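Scroll down for the structure; my scribbles are underneath it.
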Amino acid sequence: MTMELKLIDERGQPASTLAASDALFARDYNEALVHQVVTAYQANARQGTRAQKARSDINKSHKKPWKQKGTGRARAGQANSPLWRGGGKIFPSSPDENFSHKVNRKMYRAGMASILSQLVRENRLAVVDGLAVDAPKTKLFAQKIRAMGLTGPVLVVTDKLDDNVFLASRNLPDVLVLETREVDPVSLVRFENVLLTKAAVSEFEEMLG
């Protein structure tokens with residue numbers, strides 16, 4: 001089955017419609033699945049760079065601080081005890097800690113389709129025939145985005161990144177231009193508006209269909 005996506009022109013006005021897959025752009029929103037996919041993507045991007053010292057890594061004397069009995073104080077064996085200030089951690093973090101979450105391909109595709117479908121329902125997704133600028137000028141690209149009526153953070157997705165578009169968009173803090181294969185669930189959720197080219201819609205259907 002197919003649904004009709006609104007195709008806009010360079011002035012942001014409806015130009016025509018584009019037939020798209022219901023499975024990709026008209027799927028019911030699955031909040032639990034989207035949360036799982038987004039969380040897994042963020043977790044898999046983490047690096048195990050933090051390290052804490054265990055008891056054996058603390059360079060302190062191994063002499064018993066005071067005798068076992070008769071002092072009125074609690075027993076103590078060594079100054080590197082995790083119970084003491086400056087002692088080692090009981091369960092220290094290590095640089096090789098694994099933060100990855102496993103999400104199978106079918107779940108990932110369903111989660112991405114759920115996000116795209118919700119963007120359509122919320123009128124946050126627009127489709128254009130193509131996107132290009134005459135020169136790698138930030139001002140030109142910003143004017144084109146504004147002319148389309150896109151406000152706030154904008155994610156632009158194209159099948160093939162044009163050099164002028166890439167260079168012109170780099171200095172716009174609220175605009176990110178990606179190729180279809182680079183799009184991730186976090187970017188789709190984070191940006192207020194998403195602009196797709198017709199070719200990008202076709203690639204999404206091939207990748208996620």
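Going through the structure tokens in order, the chains are called A, B, and so on, while each chain numbers its residues from 1 and the ligands are numbered from 1 in the order shown.
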
According to DSSP computed on the backbone, where in range 126-208 of chain A is there strand (DSSP E)? Give the residues as a PyMOL selection string. chain A and resi 126-128+154-158+175-179+193-197

Would you write out, as a tab-separated table, a table of all residues in range 22-46 of chain A that have an atom no more than 7 Å from an atom of range 87-110 of chain A, listing for each the closest atom pair and the distance in Å to one decimal, considering only C-alpha atoms and ordering rows by chain and rising residue number?
residue	atom	partner	partner_atom	distance
A:Val37	CA	A:Tyr108	CA	6.2
A:Ala40	CA	A:His101	CA	5.0
A:Ala43	CA	A:Ser100	CA	5.6
A:Asn44	CA	A:Ser100	CA	4.5
A:Arg46	CA	A:Phe99	CA	6.6

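Counting only C-alpha atoms and comparing A:Asn193, A:Ser81, A:Ser202, A:Gln42, the residue that lies closest to Ile58 in chain A is A:Ser81.
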
Which residues of range 70-90 of chain A come within 8 Å of range 59-65 of chain A, and what is each one's closest atom pair and distance in Å (one decimal), counting only C-alpha atoms, sorted by chain and residue number, as a tab-separated table?
residue	atom	partner	partner_atom	distance
A:Ala76	CA	A:Pro65	CA	6.6
A:Gly77	CA	A:Lys64	CA	5.0
A:Gln78	CA	A:His62	CA	5.4
A:Ala79	CA	A:Lys60	CA	6.4
A:Asn80	CA	A:Lys60	CA	6.2

Go ahead and write the selection's residues with N, CA and C atoms as an mmCIF file, in the first residue's frame.
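Writing done, so here's result26.cif:
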data_model
loop_
_atom_site.group_PDB
_atom_site.id
_atom_site.type_symbol
_atom_site.label_atom_id
_atom_site.label_comp_id
_atom_site.auth_asym_id
_atom_site.auth_seq_id
_atom_site.Cartn_x
_atom_site.Cartn_y
_atom_site.Cartn_z
ATOM 1 N N ALA A 76 40.859 -2.534 61.563
ATOM 2 C CA ALA A 76 41.319 -2.040 60.263
ATOM 3 C C ALA A 76 42.532 -2.836 59.839
ATOM 4 N N GLY A 77 42.535 -3.213 58.538
ATOM 5 C CA GLY A 77 43.655 -4.012 58.053
ATOM 6 C C GLY A 77 44.650 -3.192 57.267
ATOM 7 N N GLN A 78 44.177 -2.413 56.311
ATOM 8 C CA GLN A 78 45.076 -1.619 55.477
ATOM 9 C C GLN A 78 44.431 -0.265 55.167
ATOM 10 N N ALA A 79 45.273 0.714 54.840
ATOM 11 C CA ALA A 79 44.790 2.070 54.581
ATOM 12 C C ALA A 79 44.163 2.214 53.195
ATOM 13 N N ASN A 80 44.323 1.212 52.340
ATOM 14 C CA ASN A 80 43.720 1.308 51.008
ATOM 15 C C ASN A 80 42.322 0.710 50.972
#

Quick one: everything within 10 Å of Phe166 in chain A, counting only C-alpha atoms, minus sequence neighbours fewer than 2 positions away in the same chain. Send it as a list in words. Ala132, Val133, Pro136, Lys137, Thr138, Phe141, Leu161, Asp162, Asp163, Asn164, Ala168, Ser169, Arg170, Asn171, Leu176, Val177 and Leu178 of chain A

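Shortest separation to Arg121 in chain A among A:Arg75, A:Gly12, A:Phe25, A:Ala19 occurs at residue A:Phe25, atoms counted being only C-alpha atoms.
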
Q. Could you name the residues that touch Ser21 in chain A at 12 Å or less, counting only C-alpha atoms, but leaving out those on the same chain fewer than 3 positions away, as a PyMOL selection string?
A. chain A and resi 1-5+18+24-27+113+116-117+201-206+208-209

Closest of A:Leu167, A:Ile8, A:Leu155, A:Val120 to Val183 in chain A, counting only C-alpha atoms, is A:Leu155

Any idea what's packed within 7 Å of Asp174 in chain A, counting only C-alpha atoms, ignoring anything in its chain fewer than 3 positions away? Could you give it as a short mmCIF file (atom, residue, chain, number, x, y, z; two decimals) with N, CA, C and O atoms, in the first residue's frame?
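Contents of the output file result.cif:
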data_model
loop_
_atom_site.label_atom_id
_atom_site.label_comp_id
_atom_site.auth_asym_id
_atom_site.auth_seq_id
_atom_site.Cartn_x
_atom_site.Cartn_y
_atom_site.Cartn_z
N GLY A 152 13.43 26.81 13.11
CA GLY A 152 13.98 25.95 14.15
C GLY A 152 15.04 25.01 13.58
O GLY A 152 15.43 25.11 12.41
N PRO A 153 15.51 24.10 14.37
CA PRO A 153 16.52 23.13 13.90
C PRO A 153 15.98 22.29 12.74
O PRO A 153 14.86 21.79 12.80
N VAL A 154 16.77 22.18 11.68
CA VAL A 154 16.34 21.47 10.47
C VAL A 154 17.37 20.40 10.11
O VAL A 154 18.57 20.67 10.04
#

Might you pull out every residue within 9 Å of Arg11 in chain A, with only C-alpha atoms counted and same-chain residues fewer than 2 positions away left off, and present them as a short mmCIF file (atom, residue, chain, number, x, y, z; two decimals) with N, CA and C atoms, in the first residue's frame?
data_model
loop_
_atom_site.label_atom_id
_atom_site.label_comp_id
_atom_site.auth_asym_id
_atom_site.auth_seq_id
_atom_site.Cartn_x
_atom_site.Cartn_y
_atom_site.Cartn_z
N ILE A 8 6.80 19.88 -1.61
CA ILE A 8 6.78 21.34 -1.61
C ILE A 8 7.79 21.89 -2.61
N ASP A 9 7.56 23.14 -3.02
CA ASP A 9 8.51 23.80 -3.92
C ASP A 9 9.49 24.64 -3.11
N GLN A 13 5.50 26.02 -0.80
CA GLN A 13 4.12 25.79 -1.18
C GLN A 13 3.94 24.36 -1.70
N PRO A 14 2.78 23.75 -1.43
CA PRO A 14 2.53 22.40 -1.94
C PRO A 14 2.59 22.39 -3.47
N LYS A 144 17.43 29.89 1.31
CA LYS A 144 16.63 28.82 0.72
C LYS A 144 15.82 28.08 1.78
N ARG A 146 14.88 29.28 4.74
CA ARG A 146 13.84 30.19 5.24
C ARG A 146 12.70 30.32 4.24
N ALA A 147 13.03 30.35 2.95
CA ALA A 147 12.00 30.50 1.92
C ALA A 147 11.04 29.32 1.91
N MET A 148 11.52 28.18 2.33
CA MET A 148 10.66 27.00 2.39
C MET A 148 9.77 26.98 3.63
N GLY A 149 9.94 27.99 4.51
CA GLY A 149 9.12 28.08 5.71
C GLY A 149 9.57 27.16 6.82
#

Among A:Met112, A:Leu150, A:Leu125, A:Val194, Gln36 in chain A is approached most closely, using only C-alpha atoms, by A:Met112

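Counting from CA of Leu7 in chain A, the distance to CA of Pro173 in chain A is 25.7 Å.
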
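Computed from the coordinates, the CA of Glu31 in chain A to CA of Met207 in chain A distance equals 21.5 Å.
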
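We find CA of Asp184 in chain A and CA of Val38 in chain A to be spaced 8.6 Å apart.
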
Alpha helix (DSSP H) call set, DSSP backbone run, range 70-123 of chain A, as a ChimeraX atom specification:
/A:105-121
